[in-house]
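To start, the structure under review is shown below, and the notes come after it.
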Amino acid sequence: MEKVNFAIYARESTSDTNKAPPIKKQIEIGKRWGREKGYNLVLVFSDNGYSGGDWNRPDWNRAVREARGNHFKILWTWDQDRLARDTEQFLWFYRHLSQQNVKVFSETEGEINMDTTGERLKHTSLAMAAETFRLITADKVKKAYESKKKIAEEKNERVKWGRKPGKYNVGKMIELRKQGYGYKAIARMVGDCSYQTVRRILQNTPLNSTSEKEDNTGTTE
């Protein structure tokens with residue numbers, strides 16, 4: 001009997017690290033779930049550093065394209081808000097996969113099925129709740145920034161904002177860029193890093209920089 005092909009979608013953003021395991025852990029759990037079911041893993045989609053309300057997530061959109069190509073019949077994710085934190089966005093994504101007869105499962109909720117009125121109400125409500133939480137969080141961040149900016153201006157100082165410096169494999173990024181790889185490809189090869197972060201680092205790091213070891217880790221903002 002031929003095994004059913006399945007894919008994994010994982011997402012991690014800087015603002016919701018308490019809502020889901022790290023992206024590597026999500027993928028590990030998804031792989032274990034597939035093995036226990038006897039499914040065949042064919043694709044892993046991951047968007048690191050992206051908000052669930054972002055329509056331009058590279059692998060999120062690639063999952064829809066691959067579904068249209070009939071490459072998998074089941075998509076596993078950690079929970080529904082990994083897919084979307086916007087009601088319209090969730091419905092759009094689910095509809096496109098459903099049209100290709102792709103079933104969606106999550107670790108926390110089981111099958112995400114909207115065939116019945118009750119299930120549709122449940123999952124639409126979850127999407128609305130996730131969207132509301134995202135908008136409230138964004139509003140809080142905006143107000144916090146404005147407050148910090150005002151204080152900095154009163155002291156005639158530069159406002160300090162954003163994520164704390166992180167440790168990334170800058171040496172490897174530089175070598176891969178010299179070899180002609182694009183930002184998205186480098187992010188996939190380095191891991192634990194979004195392509196926006198790769199782009200920001202490389203745009204501020206001369207390509208003639210060298211490291212003593214290929215796995216040298218640099219600290220960047």
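Going by the structure tokens order, chains are called A, B, ..., each with residues numbered from 1, while ligands are numbered from 1 in the order shown.
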
Residues within 8 Å of Asp47 (chain A), only C-alpha atoms, excluding chain neighbours under 6 positions, as JSON, numbers by chain: {"A": [10, 11, 12, 57, 58, 59, 60, 194]}

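Residues in contact with Tyr39 (chain A) at 7 Å, where only C-alpha atoms are counted and same-chain residues fewer than 4 positions away are skipped, are listed as Lys3, Val4, Asn5, Phe6, Gly34 and Arg35 of chain A.
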
Closest of A:Pro21, A:Gly180, A:Gly110, A:Gly49 to Thr197 (chain A) - atom-to-atom distances counting only C-alpha atoms: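 The closest residue to Thr197 (chain A) is A:Gly49.
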
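Residue neighbourhood of Met173 (chain A), excluding near-sequence residues (fewer than 5 positions): Ile186, Val190, Val198 and Leu202 of chain A, at 8 Å, using only C-alpha atoms.
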
Close residues, Ala185 (chain A) itself excluded, 8 Å, only C-alpha atoms, min 4 positions apart in chain, as number ranges by chain: A: 181, 189, 195

Nearest to Lys167 (chain A), chosen from A:Lys148, A:Glu154, A:Asp81, A:Ile201, with only C-alpha atoms counted in the distances: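 Among A:Lys148, A:Glu154, A:Asp81, A:Ile201, it is A:Ile201 that comes nearest to Lys167 (chain A).
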
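Near Asn101 (chain A), within a cut-off of 8 Å and counting only C-alpha atoms, sit the residues Lys73, Leu97 and Ser98 of chain A, with same-chain residues fewer than 3 positions away left out.
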
For the selection just defined, write its residues with N, CA and C atoms to a file, as a CSV table (one decimal), in the first residue's frame.
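Saved the output as again_35.csv:
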```csv
chain,number,residue,atom,x,y,z
A,73,LYS,N,-1.0,15.3,0.4
A,73,LYS,CA,-2.4,15.3,0.7
A,73,LYS,C,-2.7,15.6,2.1
A,97,LEU,N,-6.2,24.9,0.0
A,97,LEU,CA,-5.8,23.5,0.2
A,97,LEU,C,-7.0,22.6,0.1
A,98,SER,N,-8.1,23.0,0.6
A,98,SER,CA,-9.3,22.1,0.5
A,98,SER,C,-9.7,21.8,-1.0
```

Selection: 8 Å around Ser106 (chain A), only C-alpha atoms, excl. self and same-chain fewer than 3 positions, as a ChimeraX atom specification: /A:76-80,109-112

Counting only C-alpha atoms, the residue of A:Gln89, A:Gln203, A:Asn70, A:Ser46 that sits nearest Lys25 (chain A):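 Of A:Gln89, A:Gln203, A:Asn70, A:Ser46, the one nearest Lys25 (chain A) is A:Ser46, counting only C-alpha atoms.
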